[in-house]
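Asker: Structure file entry.txt (compact mmCIF, C-alpha atoms) is given on the next line.
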```
# COMPACT_ATOMS: atom_id res chain seq x y z
CA MET A 1049 109.15 112.22 236.01
CA PRO A 1050 108.79 110.56 232.58
CA PHE A 1051 108.89 106.81 232.04
CA ILE A 1052 110.35 105.49 228.78
CA GLU A 1053 109.79 101.78 228.12
CA LEU A 1054 111.37 100.29 225.00
CA GLU A 1055 110.54 96.80 223.77
CA SER A 1056 112.33 95.23 220.82
CA ASN A 1057 113.17 91.99 219.09
CA LEU A 1058 116.68 93.35 218.51
CA PRO A 1059 119.44 91.69 220.56
CA ALA A 1060 120.61 93.15 223.88
CA SER A 1061 123.94 94.06 222.26
CA LYS A 1062 122.15 96.89 220.40
CA PHE A 1063 121.21 98.57 223.68
CA THR A 1064 124.54 99.56 225.20
CA ASP A 1065 125.02 101.95 228.10
CA ASP A 1066 125.87 104.59 225.51
CA PHE A 1067 122.55 103.97 223.71
CA LEU A 1068 120.64 104.26 227.00
CA LYS A 1069 122.34 107.57 227.83
CA LYS A 1070 121.57 108.93 224.35
CA LEU A 1071 117.96 107.75 224.57
CA CYS A 1072 117.69 109.45 227.96
CA SER A 1073 119.08 112.76 226.72
CA THR A 1074 117.01 112.66 223.51
CA THR A 1075 113.71 111.94 225.24
CA ALA A 1076 114.45 114.40 228.06
CA ALA A 1077 115.10 117.14 225.49
CA ALA A 1078 112.01 116.21 223.47
CA LEU A 1079 109.81 116.30 226.57
CA GLN A 1080 111.61 119.33 228.04
CA LYS A 1081 112.31 117.46 231.28
CA PRO A 1082 115.60 117.22 233.22
CA GLU A 1083 117.63 114.06 232.53
CA GLU A 1084 117.80 113.40 236.30
CA ARG A 1085 114.04 112.81 236.30
CA MET A 1086 114.00 110.29 233.44
CA ASN A 1087 113.27 106.59 234.03
CA LEU A 1088 114.16 104.17 231.22
CA SER A 1089 113.79 100.45 230.75
CA VAL A 1090 114.65 98.25 227.77
CA LYS A 1091 113.39 94.77 227.02
CA SER A 1092 115.37 93.26 224.17
CA GLY A 1093 115.30 89.96 222.30
CA MET A 1094 111.53 89.72 222.59
CA ALA A 1095 109.31 87.67 220.31
CA MET A 1096 107.50 90.41 218.39
CA LEU A 1097 105.30 90.82 215.35
CA MET A 1098 104.54 94.25 213.88
CA ALA A 1099 102.40 94.79 210.79
CA GLY A 1100 102.50 91.08 210.01
CA SER A 1101 106.30 90.84 210.11
CA THR A 1102 108.84 89.60 212.64
CA ALA A 1103 111.54 91.84 211.12
CA PRO A 1104 113.45 94.02 213.62
CA CYS A 1105 111.16 96.51 215.34
CA VAL A 1106 110.69 98.73 218.38
CA MET A 1107 107.65 99.63 220.46
CA LEU A 1108 108.21 102.60 222.74
CA CYS A 1109 105.93 103.75 225.53
CA VAL A 1110 106.27 107.32 226.82
CA SER A 1111 104.41 108.19 230.03
CA ALA A 1112 104.79 111.60 231.63
CA ILE A 1113 103.09 114.29 233.69
CA GLY A 1114 101.92 117.35 231.79
CA VAL A 1115 103.70 116.86 228.47
CA THR A 1116 101.97 113.95 226.70
CA ASP A 1117 98.41 115.19 226.95
CA THR A 1118 97.74 116.62 223.46
CA ALA A 1119 98.10 115.50 219.86
CA GLU A 1120 100.14 118.61 219.06
CA LYS A 1121 102.69 117.91 221.81
CA ASN A 1122 102.95 114.23 220.95
CA LYS A 1123 103.44 115.00 217.25
CA GLU A 1124 106.51 117.06 218.17
CA HIS A 1125 107.80 114.44 220.60
CA SER A 1126 107.24 111.70 218.03
CA ALA A 1127 109.27 113.45 215.32
CA LYS A 1128 112.27 113.91 217.61
CA ILE A 1129 112.15 110.38 219.03
CA PHE A 1130 111.69 108.77 215.59
CA GLN A 1131 114.71 110.67 214.26
CA PHE A 1132 116.83 109.30 217.11
CA LEU A 1133 115.59 105.69 216.90
CA THR A 1134 115.88 105.41 213.10
CA GLY A 1135 119.39 106.88 213.20
CA GLU A 1136 120.69 104.85 216.14
CA LEU A 1137 119.06 101.50 215.37
CA GLY A 1138 118.92 101.62 211.57
CA LEU A 1139 115.19 100.88 211.51
CA SER A 1140 112.73 102.40 209.07
CA GLU A 1141 109.88 104.45 210.50
CA ASP A 1142 107.37 101.70 209.68
CA ARG A 1143 109.18 99.39 212.15
CA ILE A 1144 108.73 101.74 215.12
CA VAL A 1145 105.58 102.52 217.10
CA ILE A 1146 105.35 104.99 219.98
CA ARG A 1147 102.50 105.07 222.50
CA PHE A 1148 102.01 108.20 224.61
CA TYR A 1149 100.30 108.12 228.00
CA PRO A 1150 99.54 111.21 230.06
CA LEU A 1151 100.03 110.79 233.80
CA GLU A 1152 98.60 112.77 236.68
CA PRO A 1153 100.79 113.60 239.69
CA TRP A 1154 98.71 111.34 241.95
CA GLN A 1155 99.52 108.36 239.69
CA VAL A 1156 103.28 108.44 240.38
CA GLY A 1157 104.68 107.41 243.75
CA LYS A 1158 108.05 108.59 245.02
CA LYS A 1159 109.72 108.97 248.43
CA GLY A 1160 106.82 107.34 250.25
CA THR A 1161 104.19 109.66 248.78
CA VAL A 1162 102.95 110.73 245.36
CA MET A 1163 104.19 113.52 243.11
CA SER A 1164 101.16 115.65 244.05
CA PHE A 1165 102.80 116.28 247.43
CA LEU A 1166 106.41 116.74 246.28
```
Let me see the file written as structure tokens.

Answerer:
Amino acid sequence: MPFIELESNLPASKFTDDFLKKLCSTTAAALQKPEERMNLSVKSGMAMLMAGSTAPCVMLCVSAIGVTDTAEKNKEHSAKIFQFLTGELGLSEDRIVIRFYPLEPWQVGKKGTVMSFL
């Protein structure tokens, strides 16, 4: 049950339903998780500064159980996600940062319990 949280100073018009669906399918494939389990949120039009510049940028947070727990895995995920974001949003790689957080099943609640019991 991955969580993808995108923050950007780009306008909301850049993040259409089509973009969200593509981001979902891209991150699901990168993480080898079913699209039905993905959870995405986008915060656009934010006041942001990255590397001393307010030029267009994206910060992406990827949290998931069992697939974001090693440098090797995250290197692979990062390459696939960067390719998508640079292509779709027209940003250079230096204007995108991705943070990976490993989750444990007991840290994610669903259906009145936690994933450990589902």

Asker: For the atom pair CA of Thr1134 in chain A and CA of Cys1072 in chain A, what is the interatomic distance in Å to one decimal place?

Answerer: 15.5 Å

Asker: For CA of Phe1067 in chain A and CA of Glu1152 in chain A, determine how far apart the two atoms are, in Å to one decimal place.

Answerer: 28.6 Å

Asker: Expressed in Å to a single decimal, how great is the separation between CA of Met1049 in chain A and CA of Ala1127 in chain A?

Answerer: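 Result for CA of Met1049 in chain A versus CA of Ala1127 in chain A: 20.7 Å, one decimal.
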
Asker: Taking all atoms listed in the file into account, name the residue in A:Lys1158, A:Arg1143, A:Lys1121, A:Lys1069 that is nearest to Leu1097 in chain A.

Answerer: A:Arg1143

Asker: Kindly extract all protein, DNA and RNA residues lying within 6 Å of the coordinates (102.5, 112.7, 231.1) given in the file, considering all atoms listed in the file, and supply them as a PDB file with C-alpha atoms, in the coordinates of the input.

Answerer:
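part-v3.pdb was written with the following content:
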```
ATOM      1  CA  SER A1111     104.410 108.190 230.030  1.00  0.00           C
ATOM      2  CA  ALA A1112     104.790 111.600 231.630  1.00  0.00           C
ATOM      3  CA  ILE A1113     103.090 114.290 233.690  1.00  0.00           C
ATOM      4  CA  GLY A1114     101.920 117.350 231.790  1.00  0.00           C
ATOM      5  CA  VAL A1115     103.700 116.860 228.470  1.00  0.00           C
ATOM      6  CA  THR A1116     101.970 113.950 226.700  1.00  0.00           C
ATOM      7  CA  TYR A1149     100.300 108.120 228.000  1.00  0.00           C
ATOM      8  CA  PRO A1150      99.540 111.210 230.060  1.00  0.00           C
ATOM      9  CA  LEU A1151     100.030 110.790 233.800  1.00  0.00           C
TER      10      LEU A1151
END
```

Asker: Counting only C-alpha atoms, which of A:Val1110, A:Val1162, A:Ala1119, A:Cys1105 gets nearest to Ala1076 in chain A?

Answerer: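 Nearest candidate to Ala1076 in chain A out of A:Val1110, A:Val1162, A:Ala1119, A:Cys1105: A:Val1110.
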
Asker: Between A:Leu1058, A:Met1098, A:Ile1129, A:Cys1109, which one has atoms that come closest to Ala1078 in chain A, using only C-alpha atoms?

Answerer: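 Ranking A:Leu1058, A:Met1098, A:Ile1129, A:Cys1109 by distance to Ala1078 in chain A, first place goes to A:Ile1129.
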
Asker: Give the answer as one residue: which of A:Phe1165, A:Lys1070, A:Val1106, A:Ser1092 has the shortest atom-to-atom distance to Leu1139 in chain A, using all atoms listed in the file?

Answerer: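 Among A:Phe1165, A:Lys1070, A:Val1106, A:Ser1092, it is A:Val1106 that comes nearest to Leu1139 in chain A.
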
Asker: Using only C-alpha atoms, which of the listed residues (A:Ala1103, A:Ile1144, A:Val1156, A:Met1096) sits closest to Ser1126 in chain A?

Answerer: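 Closest candidate: A:Ile1144.
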
Asker: Using the file's own x, y and z axes, what box holds all listed atoms of range 1088-1106 of chain A with 3 Å on each side, keeping edges along x, y and z, and what are its centre and edge lengths in Å to one decimal, as JSON?

Answerer:
```
{"center_x": 108.9, "center_y": 95.9, "center_z": 220.6, "size_x": 19.0, "size_y": 22.5, "size_z": 27.2}
```

Asker: Would you list the contacts of Val1090 in chain A as a ChimeraX atom specification, taking every protein, DNA or RNA residue within 7 Å and counting only C-alpha atoms, but skipping same-chain residues closer than 3 positions in sequence?

Answerer: /A:1053-1055

Asker: Could you tell me which of A:Ile1146, A:Lys1128, A:Glu1136, A:Phe1063 comes closest to Gly1093 in chain A if we count all atoms listed in the file?

Answerer: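 Distance minimum relative to Gly1093 in chain A lands on A:Phe1063.
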